[in-house]
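See below for data.cif, which holds mmCIF, C-alpha atoms.
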data_protein
#
loop_
_atom_site.label_atom_id
_atom_site.label_comp_id
_atom_site.auth_asym_id
_atom_site.auth_seq_id
_atom_site.Cartn_x
_atom_site.Cartn_y
_atom_site.Cartn_z
CA MET S 1 0.00 0.00 0.00
CA PRO S 2 1.35 3.51 -0.84
CA LYS S 3 2.70 5.49 2.08
CA ALA S 4 0.35 8.06 3.64
CA THR S 5 3.36 10.26 4.40
CA GLY S 6 4.97 10.28 0.96
CA PRO S 7 6.85 13.35 -0.33
CA ILE S 8 4.37 14.22 -3.10
CA LYS S 9 1.84 16.71 -1.71
CA TYR S 10 -1.80 17.21 -2.68
CA VAL S 11 -4.95 19.08 -1.70
CA GLU S 12 -8.61 18.37 -2.43
CA HIS S 13 -9.83 20.06 -5.61
CA GLN S 14 -13.48 20.56 -6.50
CA THR S 15 -14.30 19.61 -10.09
CA PRO S 16 -17.24 20.96 -12.14
CA GLN S 17 -18.82 17.47 -12.20
CA THR S 18 -21.48 16.30 -9.75
CA ASP S 19 -22.59 12.78 -8.83
CA GLU S 20 -26.11 11.37 -8.47
CA THR S 21 -26.55 13.21 -5.14
CA GLY S 22 -25.88 16.58 -6.75
CA LYS S 23 -22.68 17.10 -4.77
CA TYR S 24 -19.48 18.18 -6.52
CA ILE S 25 -16.87 15.47 -7.05
CA MET S 26 -13.46 16.06 -5.46
CA HIS S 27 -10.09 14.99 -6.83
CA PRO S 28 -6.55 15.22 -5.46
CA LYS S 29 -4.58 18.13 -6.92
CA PHE S 30 -0.77 18.16 -6.94
CA VAL S 31 0.89 20.88 -4.84
CA SER S 32 4.53 21.70 -5.54
CA ASN S 33 6.93 20.79 -2.76
CA GLY S 34 9.55 23.21 -4.08
CA LYS S 35 11.51 23.86 -7.27
CA TYR S 36 14.38 21.78 -8.58
CA THR S 37 16.16 24.42 -10.66
CA PHE S 38 18.76 24.03 -13.38
CA ALA S 39 21.39 25.21 -10.89
CA ASP S 40 20.28 22.44 -8.50
CA MET S 41 20.53 19.90 -11.31
CA LYS S 42 24.03 21.06 -12.30
CA ARG S 43 25.27 20.63 -8.73
CA SER S 44 23.61 17.22 -8.39
CA ILE S 45 24.94 15.97 -11.74
CA ALA S 46 28.46 17.09 -10.86
CA GLU S 47 28.30 15.45 -7.42
CA HIS S 48 26.50 12.20 -8.21
CA ARG S 49 27.06 11.53 -11.94
CA GLN S 50 30.67 12.71 -12.30
CA ILE S 51 29.79 15.11 -15.11
CA GLY S 52 31.24 18.61 -14.73
CA ALA S 53 28.89 21.59 -14.78
CA PRO S 54 30.46 23.19 -17.92
CA LEU S 55 30.15 19.95 -19.89
CA PHE S 56 26.58 19.39 -18.70
CA THR S 57 25.59 22.99 -19.55
CA SER S 58 27.10 22.67 -23.03
CA ALA S 59 25.23 19.41 -23.62
CA ILE S 60 21.91 20.97 -22.56
CA THR S 61 22.52 24.00 -24.81
CA ALA S 62 23.29 21.72 -27.76
CA LEU S 63 20.18 19.64 -27.00
CA GLU S 64 18.00 22.78 -26.90
CA GLU S 65 19.33 24.15 -30.19
CA ASP S 66 19.03 20.81 -31.97
CA ALA S 67 15.48 20.28 -30.65
CA LEU S 68 14.38 23.73 -31.82
CA MET S 69 15.84 23.08 -35.27
CA ALA S 70 13.96 19.77 -35.54
CA LEU S 71 10.70 21.37 -34.37
CA ALA S 72 11.09 24.06 -37.02
CA MET S 73 11.31 21.28 -39.63
CA GLY S 74 7.97 19.86 -38.47
CA GLN S 75 9.36 16.86 -36.62
CA GLU S 76 8.45 15.36 -33.26
CA VAL S 77 11.47 15.51 -30.96
CA TYR S 78 12.30 12.58 -28.69
CA ILE S 79 14.46 13.55 -25.71
CA GLY S 80 16.08 10.23 -24.90
CA ASP S 81 13.36 7.89 -23.71
CA MET S 82 11.88 10.61 -21.47
CA PHE S 83 9.86 13.19 -23.41
CA ILE S 84 8.25 13.82 -26.77
CA ILE S 85 8.06 17.45 -27.89
CA LYS S 86 5.96 18.82 -30.74
CA PRO S 87 4.42 22.14 -31.84
CA LYS S 88 0.91 22.98 -30.62
CA LEU S 89 -1.39 24.65 -33.16
CA GLU S 90 -4.65 26.59 -33.05
CA ILE S 91 -6.99 28.54 -35.33
CA ARG S 92 -5.52 32.00 -35.88
CA ARG S 93 -6.94 34.84 -33.80
CA HIS S 94 -8.12 38.03 -35.50
CA LYS S 95 -9.18 41.40 -34.10
CA ASP S 96 -12.12 43.48 -35.26
CA ASP S 97 -12.19 47.27 -35.43
CA ASP S 98 -13.06 47.43 -31.72
CA GLY S 99 -10.07 45.32 -30.76
CA LYS S 100 -12.11 42.24 -29.87
CA GLU S 101 -10.68 38.88 -30.83
CA TRP S 102 -12.47 36.42 -33.07
CA ARG S 103 -11.66 33.25 -35.00
CA LYS S 104 -13.05 31.69 -38.12
CA THR S 105 -15.09 28.54 -37.56
CA PHE S 106 -14.44 25.36 -39.52
CA HIS S 107 -16.65 22.28 -39.59
CA GLU S 108 -16.35 18.64 -40.59
CA GLY S 109 -15.25 18.38 -44.22
CA ASP S 110 -13.75 21.89 -44.29
CA ARG S 111 -10.12 22.38 -45.19
CA ILE S 112 -8.31 24.80 -42.91
CA PRO S 113 -5.97 27.02 -44.94
CA ALA S 114 -2.44 27.54 -43.61
CA SER S 115 -3.16 31.26 -43.31
CA GLU S 116 -5.72 30.45 -40.58
CA VAL S 117 -3.34 28.33 -38.47
CA SER S 118 -0.92 29.71 -35.88
CA LEU S 119 1.46 28.38 -33.27
CA CYS S 120 0.07 28.56 -29.72
CA GLY S 121 2.78 26.73 -27.80
CA ILE S 122 4.86 23.61 -27.40
CA GLU S 123 3.42 20.29 -26.23
CA VAL S 124 5.62 18.15 -24.00
CA ARG S 125 4.55 14.71 -22.84
CA PRO S 126 6.44 11.89 -21.14
CA THR S 127 7.03 8.58 -22.87
CA LYS S 128 5.28 5.52 -21.47
CA ALA S 129 8.65 4.09 -20.49
CA PHE S 130 9.59 7.20 -18.48
CA ALA S 131 6.22 7.36 -16.71
CA SER S 132 6.39 3.64 -15.95
CA LYS S 133 9.93 3.91 -14.58
CA PHE S 134 8.91 6.74 -12.25
CA ALA S 135 5.81 4.89 -11.03
CA ASN S 136 7.58 1.57 -10.47
CA ALA S 137 11.03 2.62 -9.26
CA TYR S 138 10.86 6.14 -7.82
CA TYR S 139 7.32 6.93 -6.63
CA GLN S 140 7.18 6.88 -2.81
CA GLY S 141 3.57 7.84 -2.13
CA CYS S 142 1.61 11.00 -1.33
CA SER S 143 0.60 12.99 1.72
CA ARG S 144 -2.12 15.56 2.17
CA MET S 145 -1.03 19.18 2.55
CA GLU S 146 -3.00 20.73 5.39
CA THR S 147 -2.86 24.26 3.99
CA GLY S 148 -3.73 24.69 0.34
CA CYS S 149 -6.00 26.43 -2.13
CA SER S 150 -9.57 27.05 -1.08
CA ASP S 151 -12.46 25.75 -3.15
CA LYS S 152 -15.12 27.57 -1.16
CA SER S 153 -16.06 31.22 -1.03
CA GLU S 154 -16.32 32.19 2.64
CA ASP S 155 -17.60 35.77 2.36
CA ASN S 156 -19.03 36.66 -1.04
CA ALA S 157 -19.93 40.25 -0.13
CA ARG S 158 -16.48 40.97 1.31
CA GLU S 159 -14.79 39.44 -1.72
CA LEU S 160 -16.90 41.52 -4.11
CA THR S 161 -15.95 44.67 -2.19
CA ILE S 162 -12.26 43.83 -2.51
CA VAL S 163 -12.61 42.97 -6.20
CA THR S 164 -14.47 46.25 -6.79
CA GLU S 165 -11.56 48.16 -5.25
CA MET S 166 -9.07 46.21 -7.38
CA CYS S 167 -11.06 47.09 -10.51
CA ARG S 168 -11.16 50.73 -9.43
CA LYS S 169 -7.36 50.78 -9.21
CA LYS S 170 -6.34 48.91 -12.36
CA GLY S 171 -9.58 48.65 -14.35
CA PHE S 172 -10.03 44.88 -14.27
CA VAL S 173 -9.16 41.64 -12.49
CA THR S 174 -8.13 38.18 -13.69
CA VAL S 175 -8.49 34.64 -12.36
CA ASN S 176 -4.93 34.83 -11.04
CA ASP S 177 -5.76 38.02 -9.11
CA LEU S 178 -8.44 36.15 -7.16
CA ARG S 179 -6.18 33.15 -6.65
CA ARG S 180 -3.50 35.33 -5.08
CA CYS S 181 -5.89 37.51 -3.06
CA PHE S 182 -8.24 34.85 -1.66
CA ASN S 183 -6.11 31.69 -1.93
CA PHE S 184 -8.69 30.19 -4.32
CA SER S 185 -8.06 27.31 -6.68
CA ALA S 186 -8.16 28.26 -10.37
CA TYR S 187 -11.55 26.57 -10.74
CA MET S 188 -13.07 28.40 -7.77
CA ALA S 189 -11.70 31.78 -8.88
CA ARG S 190 -13.08 31.31 -12.40
CA LYS S 191 -16.43 30.08 -11.08
CA GLN S 192 -16.79 33.05 -8.73
CA LEU S 193 -16.01 35.56 -11.48
CA ASN S 194 -18.40 33.87 -13.91
CA ASP S 195 -21.12 33.89 -11.23
CA TRP S 196 -20.70 37.65 -10.87
CA CYS S 197 -21.03 37.98 -14.67
CA SER S 198 -24.29 36.01 -14.87
CA GLY S 199 -27.86 36.42 -13.68
CA GLU S 200 -30.54 39.02 -14.28
CA PHE S 201 -28.44 41.76 -12.69
CA PRO S 202 -24.76 40.89 -13.32
CA LYS S 203 -22.12 42.66 -11.27
CA MET S 204 -19.28 42.19 -13.75
CA THR S 205 -18.51 41.75 -17.45
CA SER S 206 -15.79 39.66 -19.07
CA GLU S 207 -13.85 39.72 -22.32
CA LYS S 208 -10.87 37.92 -23.83
CA VAL S 209 -7.78 40.07 -24.35
CA GLY S 210 -4.98 38.14 -26.03
CA TYR S 211 -4.65 34.86 -24.15
CA THR S 212 -6.16 36.25 -20.94
CA ARG S 213 -9.78 36.71 -19.91
CA ILE S 214 -10.29 39.91 -17.94
CA TYR S 215 -13.23 40.86 -15.74
CA ARG S 216 -14.51 44.42 -15.17
CA ARG S 217 -16.81 45.66 -12.42
CA ILE S 218 -19.96 47.26 -13.83
CA GLY S 219 -20.29 50.90 -12.82
CA VAL S 220 -16.63 51.32 -11.83
#

Translate the structure described by the file into structure tokens.
Amino acid sequence: MPKATGPIKYVEHQTPQTDETGKYIMHPKFVSNGKYTFADMKRSIAEHRQIGAPLFTSAITALEEDALMALAMGQEVYIGDMFIIKPKLEIRRHKDDDGKEWRKTFHEGDRIPASEVSLCGIEVRPTKAFASKFANAYYQGCSRMETGCSDKSEDNARELTIVTEMCRKKGFVTVNDLRRCFNFSAYMARKQLNDWCSGEFPKMTSEKVGYTRIYRRIGV
């Protein structure tokens, strides 16, 4: 049985799905236990693998440049037997005269012209062998983190007052603003903002600006 005091931390996370009782289903959500930086890795490699930091840094730089070159040629890049990297595409975003973003819609049977496709990021996924090796040889169990992100709004009126003041100062708020201010999970922050934007008398409006959705307080 997995250890209940393992080093991988988690908190309960409320999902949008409900069960037959109408209650929201909870899932464990990973919580970072710190950062293992490139500097940390260089020190560890030098100490435990007998590979000097300059040589390791040069190898990583060469790997990065070669991977980028292969991606630019439209190839999937295999990093050893650990990761597969490939470009991530989306329908191109356009802006109308008012600055609002829109995209063309394509349906089954339509051909999407190259002019309507743009790069939206890089997809990285582990190989099955790497994931299996971690699960079978390195995974040491999980433990619940007692302090984590909240998935419940404790004082809606107080939160709205604070959000109103934030909007008054900078004009809008984002999901991340609520996460930082109220220690919400991303789902709870987004749900709360969307609740304020809905109903017969909404308190806020929302719009997409670039890759970010912003929320404005009505009347501020």

Which residues would end up in the selection if the PyMOL selection byres ((chain S and resi 32-43) around 12) were applied here, given that I need the answer as a VMD selection string?
chain S and resid 6 to 11 29 to 31 44 to 60 142 to 145 148

Could you produce a table of the residues of stretch 104-201 of chain S lying within 8 Å of stretch 69-87 of chain S, with the nearest pair of atoms per residue and their separation in Å rounded to one decimal, using all atoms listed in the file, ordered by chain and increasing residue number, as CSV?
residue,atom,partner,partner_atom,distance
S:Leu119,CA,S:Pro87,CA,7.1
S:Gly121,CA,S:Pro87,CA,6.3
S:Ile122,CA,S:Pro87,CA,4.7
S:Glu123,CA,S:Lys86,CA,5.4
S:Val124,CA,S:Ile85,CA,4.6
S:Arg125,CA,S:Ile84,CA,5.5
S:Pro126,CA,S:Phe83,CA,4.3
S:Thr127,CA,S:Phe83,CA,5.4
S:Ala129,CA,S:Asp81,CA,6.9
S:Phe130,CA,S:Met82,CA,5.1

Between atom CA of S:Gln14 and atom CA of S:Thr212 lies a distance of 22.5 Å

S:Val175 proximity check over S:Glu101, S:Leu160, S:Gly141, S:Arg213, using all atoms listed in the file: winner is S:Arg213

For each of S:His94, S:His27, S:Arg111, S:Arg158, take the minimum atom-to-atom distance to S:Cys181, counting only C-alpha atoms, then give the residue where this is smallest.
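Among the listed residues, the smallest separation from S:Cys181 belongs to S:Arg158.
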